[in-house]
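Working notes, beginning with the structure itself.
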Number of protein chains: 2
Amino acid sequence: MTANAARADTRPSPRRRAGNGAAPREAAGDIGLDALVGHAGYAVRRFEIWIFQDFIRTLGEVDIRPTQYSVLTVIGANPGLSQMAVAKRLGIERARLVHLLDSLEQRKLVKRIKSKEDRRSHALHLTAQGETALTKFKRLAAEHERHVEAKIGKENRAHLLRILAGFT
Amino acid sequence: MTANAARADTRPSPRRRAGNGAAPREAAGDIGLDALVGHAGYAVRRFEIWIFQDFIRTLGEVDIRPTQYSVLTVIGANPGLSQMAVAKRLGIERARLVHLLDSLEQRKLVKRIKSKEDRRSHALHLTAQGETALTKFKRLAAEHERHVEAKIGKENRAHLLRILAGFT
DNA sequence: GGCAATTGTTGTCGTCAACAACATTCTTCC
DNA sequence: GGAAGAATGTTGTTGACGACAACAATTGCC
């Protein structure tokens with residue numbers, strides 16, 4: 001139990017206005033989160049929502065979402081990977097990756113080349129267009145990352161990356 | 001730019017095996033993430049997946065998911081809130097909250113009481129059964145939180161909560 | 001040669017965020 | 001006091017995403 005949640009943990013509730021009147025007093029912003037403030041998952045979730053919104057907005061002009069960006073980056077750094085390898089590396093289901101690649105292939109950013117060594121699999125490559133596009137995406141993503149720094153602080157961001165390095 | 005991503009940032013790609021052969025060498029685990037390792041969003045996303053899976057598993061015996069837990073906790077700490085107030089406080093859309101409350105009301109954990117002051121709105125309360133259930137949920141959630149501590153370290157978890165406190 | 005495993009694909013289901021539209025009720029403004 | 005606009009809860013749709021299950025083609029194992 002954290003020091004935060006210790007006080008109000010097992011107590012049922014303050015029970016203000018036991019009746020039912022929804023006094024507009026709470027509309028101000030003094031709604032307590034109770035045990036929620038001690039939960040890492042809640043903070044992480046709220047943060048992830050913020051960070052994804054900023055990513056999507058910052059890369060909105062090129063219409064690239066976080067998952068698409070991660071797929072392009074990994075393919076760009078490791079040309080020739082199979083879909084299975086990419087899916088496993090990024091924690092995406094291979095069924096989901098099919099649609100992602102369909103979309104990216106339609107946009108001429110990625111191409112699937114039938115492997116001659118294992119004819120079940122596809123070797124994934126960026127197209128020439130995909131390469132130049134990716135460098136632009138990376139520039140925008142770096143800009144998004146500066147937004148994160150501005151939001152939580154440069155040192156905090158670095159510390160956070162260090163804490164969560166094991167999950168990448 | 002972080003020290004990590006600085007090296008391979010703008011370079012297009014190492015271009016190993018420009019042909020297409022998907023050599024199984026990479027299956028081992030040496031697939032580089034390139035710029036991805038410098039992105040807080042990616043790390044946060046992978047972490048959130050892990051933390052949610054553990055939460056769902058730990059509270060599996062009571063069949064409570066993170067969002068349901070957050071709703072119950074806030075209602076428990078602030079009886080009489082309207083749906084709008086809860087939605088705004090937790091960053092949930094009010095349309096989504098309707099289904100959440102439908103489910104929780106069916107399970108007799110929450111009741112909607114028509115407010116007499118504003119007949120558009122419902123005052124939300126825990127049932128007696130909901131109160132006792134919530135204390136059990138909190139106990140399980142605390143257990144989940146210990147799993148987080150075990151995973152990333154006690155100090156890191158505390159530091160992370162401090163960094164992200166502004167998003168709650 | 002035959003059988004299990006792998007790869008990509010298709011499909012379904014459930015969760016979740018984002019909207020849009022609507023009826024009821026409140027608030028504001030004339 | 002009454003009309004216009006806003007707020008609240010509800011219903012429905014869309015799209016991204018994770019989890020599964022089933023399938024054909026291909027590979028690897030025995």
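Residues in the structure tokens are numbered from 1 in each chain, the chains being A, B, ... in the order shown, and ligands are numbered from 1 in the order shown.
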
Using only C-alpha atoms (C1' of nucleotides), find each residue in chain A having at least one atom no more than 8 Å away from chain D; report its shortest atom-to-atom pair and that distance in Å (one decimal), rows by chain then rising number, as a Markdown table.
| residue | atom | partner | partner_atom | distance |
| --- | --- | --- | --- | --- |
| A:Glu93 | CA | D:DG18 | C1' | 7.7 |
| A:Asp118 | CA | D:DT27 | C1' | 7.5 |
| A:Arg119 | CA | D:DT26 | C1' | 6.5 |
| A:Arg120 | CA | D:DT26 | C1' | 5.4 |

Output file for the residues above (N, CA, C and O atoms, as an mmCIF file, in the first residue's frame):
data_model
loop_
_atom_site.group_PDB
_atom_site.id
_atom_site.type_symbol
_atom_site.label_atom_id
_atom_site.label_comp_id
_atom_site.auth_asym_id
_atom_site.auth_seq_id
_atom_site.Cartn_x
_atom_site.Cartn_y
_atom_site.Cartn_z
ATOM 1 N N GLU A 93 -0.294 -8.622 -33.331
ATOM 2 C CA GLU A 93 -0.721 -9.917 -33.841
ATOM 3 C C GLU A 93 -0.528 -9.965 -35.343
ATOM 4 O O GLU A 93 -0.765 -8.985 -36.040
ATOM 5 N N ASP A 118 11.914 -19.173 -48.272
ATOM 6 C CA ASP A 118 10.744 -19.736 -47.607
ATOM 7 C C ASP A 118 9.518 -19.172 -48.295
ATOM 8 O O ASP A 118 9.106 -18.049 -48.011
ATOM 9 N N ARG A 119 8.956 -19.935 -49.184
ATOM 10 C CA ARG A 119 7.917 -19.374 -50.037
ATOM 11 C C ARG A 119 6.600 -19.138 -49.303
ATOM 12 O O ARG A 119 5.626 -18.680 -49.907
ATOM 13 N N ARG A 120 6.571 -19.454 -48.019
ATOM 14 C CA ARG A 120 5.385 -19.075 -47.253
ATOM 15 C C ARG A 120 5.433 -17.601 -46.890
ATOM 16 O O ARG A 120 4.413 -16.935 -46.760
#

ask   = Can you tell me, as a PyMOL selection string, what residues are no more than 10 Å from Trp50 of chain B when counting only C-alpha atoms (C1' of nucleotides), ignoring any on the same chain fewer than 4 positions away?
value = (chain A and resi 41+167) or (chain B and resi 44-46+54-55+148)

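Taking only C-alpha atoms into account, chain B lies nearest to A:Ala77 out of the set A:Ala77, A:Leu140, A:Leu90, A:Val62.
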
request  = DSSP on the backbone, then: every residue of chain A marked strand (DSSP E or B), written as a ChimeraX atom specification.
outcome  = /A:81,110-114,122-126

Chain A contacts to chain C at 8 Å (only C-alpha atoms (C1' of nucleotides)) as a JSON list (two decimals) with N, CA, C and O atoms, in the first residue's frame:
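The resulting part_39.json:
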[["chain", "number", "residue", "atom", "x", "y", "z"],
["A", 84, "MET", "N", 5.94, -12.23, -39.71],
["A", 84, "MET", "CA", 5.95, -12.86, -38.40],
["A", 84, "MET", "C", 7.00, -12.22, -37.50],
["A", 84, "MET", "O", 6.73, -11.95, -36.33],
["A", 95, "ALA", "N", -2.28, -11.28, -37.54],
["A", 95, "ALA", "CA", -3.53, -10.99, -38.25],
["A", 95, "ALA", "C", -3.72, -9.49, -38.40],
["A", 95, "ALA", "O", -4.19, -9.00, -39.43],
["A", 98, "VAL", "N", -1.44, -7.81, -41.07],
["A", 98, "VAL", "CA", -1.88, -7.96, -42.47],
["A", 98, "VAL", "C", -2.57, -6.68, -42.94],
["A", 98, "VAL", "O", -2.23, -6.12, -43.98],
["A", 120, "ARG", "N", 6.57, -19.45, -48.02],
["A", 120, "ARG", "CA", 5.38, -19.07, -47.25],
["A", 120, "ARG", "C", 5.43, -17.60, -46.89],
["A", 120, "ARG", "O", 4.41, -16.94, -46.76],
["A", 121, "SER", "N", 6.64, -17.09, -46.72],
["A", 121, "SER", "CA", 6.79, -15.77, -46.09],
["A", 121, "SER", "C", 7.08, -14.66, -47.09],
["A", 121, "SER", "O", 7.48, -14.91, -48.22]]

Pick out the residues sitting within 7 Å of segment 110-114 of chain B, and hand them over as an mmCIF file with all heavy atoms, in the first residue's frame; count only C-alpha atoms (C1' of nucleotides), and ignore anything fewer than 4 positions along from it in its own chain.
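Result saved to part.cif:
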data_model
loop_
_atom_site.group_PDB
_atom_site.id
_atom_site.type_symbol
_atom_site.label_atom_id
_atom_site.label_comp_id
_atom_site.auth_asym_id
_atom_site.auth_seq_id
_atom_site.Cartn_x
_atom_site.Cartn_y
_atom_site.Cartn_z
ATOM 1 N N ASN A 20 -29.503 12.153 -2.385
ATOM 2 C CA ASN A 20 -29.148 11.942 -3.780
ATOM 3 C C ASN A 20 -28.880 13.252 -4.510
ATOM 4 O O ASN A 20 -28.496 13.248 -5.659
ATOM 5 C CB ASN A 20 -30.268 11.205 -4.503
ATOM 6 C CG ASN A 20 -31.571 11.978 -4.420
ATOM 7 O OD1 ASN A 20 -31.584 13.126 -3.967
ATOM 8 N ND2 ASN A 20 -32.647 11.363 -4.842
ATOM 9 N N LEU B 104 -22.569 -2.209 -14.674
ATOM 10 C CA LEU B 104 -22.365 -2.174 -13.221
ATOM 11 C C LEU B 104 -23.698 -2.149 -12.482
ATOM 12 O O LEU B 104 -23.796 -2.653 -11.355
ATOM 13 C CB LEU B 104 -21.526 -0.938 -12.845
ATOM 14 C CG LEU B 104 -20.089 -0.937 -13.361
ATOM 15 C CD1 LEU B 104 -19.394 0.375 -13.040
ATOM 16 C CD2 LEU B 104 -19.299 -2.102 -12.770
ATOM 17 N N GLU B 105 -24.715 -1.582 -13.109
ATOM 18 C CA GLU B 105 -26.023 -1.548 -12.461
ATOM 19 C C GLU B 105 -26.675 -2.931 -12.514
ATOM 20 O O GLU B 105 -27.320 -3.361 -11.550
ATOM 21 C CB GLU B 105 -26.916 -0.508 -13.161
ATOM 22 C CG GLU B 105 -28.006 0.047 -12.259
ATOM 23 C CD GLU B 105 -28.725 1.231 -12.896
ATOM 24 O OE1 GLU B 105 -28.690 1.361 -14.139
ATOM 25 O OE2 GLU B 105 -29.332 2.026 -12.143
ATOM 26 N N ARG B 119 -33.554 17.270 -13.262
ATOM 27 C CA ARG B 119 -34.194 16.019 -13.658
ATOM 28 C C ARG B 119 -33.619 15.455 -14.945
ATOM 29 O O ARG B 119 -34.095 14.412 -15.425
ATOM 30 C CB ARG B 119 -35.705 16.224 -13.752
ATOM 31 C CG ARG B 119 -36.351 16.236 -12.366
ATOM 32 C CD ARG B 119 -37.682 16.959 -12.366
ATOM 33 N NE ARG B 119 -38.597 16.416 -13.361
ATOM 34 C CZ ARG B 119 -39.495 17.135 -14.009
ATOM 35 N NH1 ARG B 119 -39.574 18.438 -13.786
ATOM 36 N NH2 ARG B 119 -40.292 16.576 -14.892
ATOM 37 N N SER B 121 -30.397 14.694 -15.005
ATOM 38 C CA SER B 121 -29.215 13.931 -14.588
ATOM 39 C C SER B 121 -29.546 12.837 -13.574
ATOM 40 O O SER B 121 -30.592 12.850 -12.932
ATOM 41 C CB SER B 121 -28.177 14.870 -14.007
ATOM 42 O OG SER B 121 -28.627 15.373 -12.772
ATOM 43 N N HIS B 122 -28.625 11.909 -13.451
ATOM 44 C CA HIS B 122 -28.724 10.828 -12.481
ATOM 45 C C HIS B 122 -27.661 11.013 -11.414
ATOM 46 O O HIS B 122 -26.515 11.312 -11.732
ATOM 47 C CB HIS B 122 -28.504 9.475 -13.165
ATOM 48 C CG HIS B 122 -29.574 9.115 -14.134
ATOM 49 N ND1 HIS B 122 -29.397 8.213 -15.149
ATOM 50 C CD2 HIS B 122 -30.848 9.544 -14.249
ATOM 51 C CE1 HIS B 122 -30.509 8.092 -15.840
ATOM 52 N NE2 HIS B 122 -31.405 8.894 -15.321
ATOM 53 N N ALA B 123 -28.062 10.827 -10.168
ATOM 54 C CA ALA B 123 -27.076 10.817 -9.088
ATOM 55 C C ALA B 123 -26.586 9.386 -8.905
ATOM 56 O O ALA B 123 -27.376 8.464 -8.724
ATOM 57 C CB ALA B 123 -27.697 11.334 -7.803
ATOM 58 N N LEU B 124 -25.291 9.207 -8.979
ATOM 59 C CA LEU B 124 -24.717 7.864 -8.944
ATOM 60 C C LEU B 124 -24.290 7.495 -7.532
ATOM 61 O O LEU B 124 -23.643 8.284 -6.833
ATOM 62 C CB LEU B 124 -23.513 7.790 -9.885
ATOM 63 C CG LEU B 124 -23.823 8.124 -11.345
ATOM 64 C CD1 LEU B 124 -22.556 8.144 -12.182
ATOM 65 C CD2 LEU B 124 -24.837 7.144 -11.915
ATOM 66 N N HIS B 125 -24.658 6.300 -7.116
ATOM 67 C CA HIS B 125 -24.304 5.794 -5.806
ATOM 68 C C HIS B 125 -23.902 4.336 -5.906
ATOM 69 O O HIS B 125 -24.365 3.622 -6.801
ATOM 70 C CB HIS B 125 -25.507 5.914 -4.851
ATOM 71 C CG HIS B 125 -25.887 7.320 -4.523
ATOM 72 N ND1 HIS B 125 -25.407 7.988 -3.423
ATOM 73 C CD2 HIS B 125 -26.700 8.187 -5.167
ATOM 74 C CE1 HIS B 125 -25.911 9.209 -3.393
ATOM 75 N NE2 HIS B 125 -26.708 9.368 -4.441
ATOM 76 N N LEU B 126 -23.048 3.922 -4.973
ATOM 77 C CA LEU B 126 -22.787 2.499 -4.837
ATOM 78 C C LEU B 126 -23.931 1.878 -4.050
ATOM 79 O O LEU B 126 -24.480 2.497 -3.135
ATOM 80 C CB LEU B 126 -21.471 2.270 -4.087
ATOM 81 C CG LEU B 126 -20.185 2.760 -4.756
ATOM 82 C CD1 LEU B 126 -18.989 2.324 -3.928
ATOM 83 C CD2 LEU B 126 -20.071 2.227 -6.174
ATOM 84 N N THR B 127 -24.282 0.664 -4.404
ATOM 85 C CA THR B 127 -25.198 -0.080 -3.548
ATOM 86 C C THR B 127 -24.420 -0.587 -2.328
ATOM 87 O O THR B 127 -23.186 -0.502 -2.283
ATOM 88 C CB THR B 127 -25.764 -1.289 -4.304
ATOM 89 O OG1 THR B 127 -24.687 -2.165 -4.617
ATOM 90 C CG2 THR B 127 -26.444 -0.839 -5.584
ATOM 91 N N GLY B 130 -22.243 -2.965 -3.535
ATOM 92 C CA GLY B 130 -21.152 -2.335 -4.260
ATOM 93 C C GLY B 130 -20.053 -1.844 -3.329
ATOM 94 O O GLY B 130 -18.866 -1.925 -3.665
#
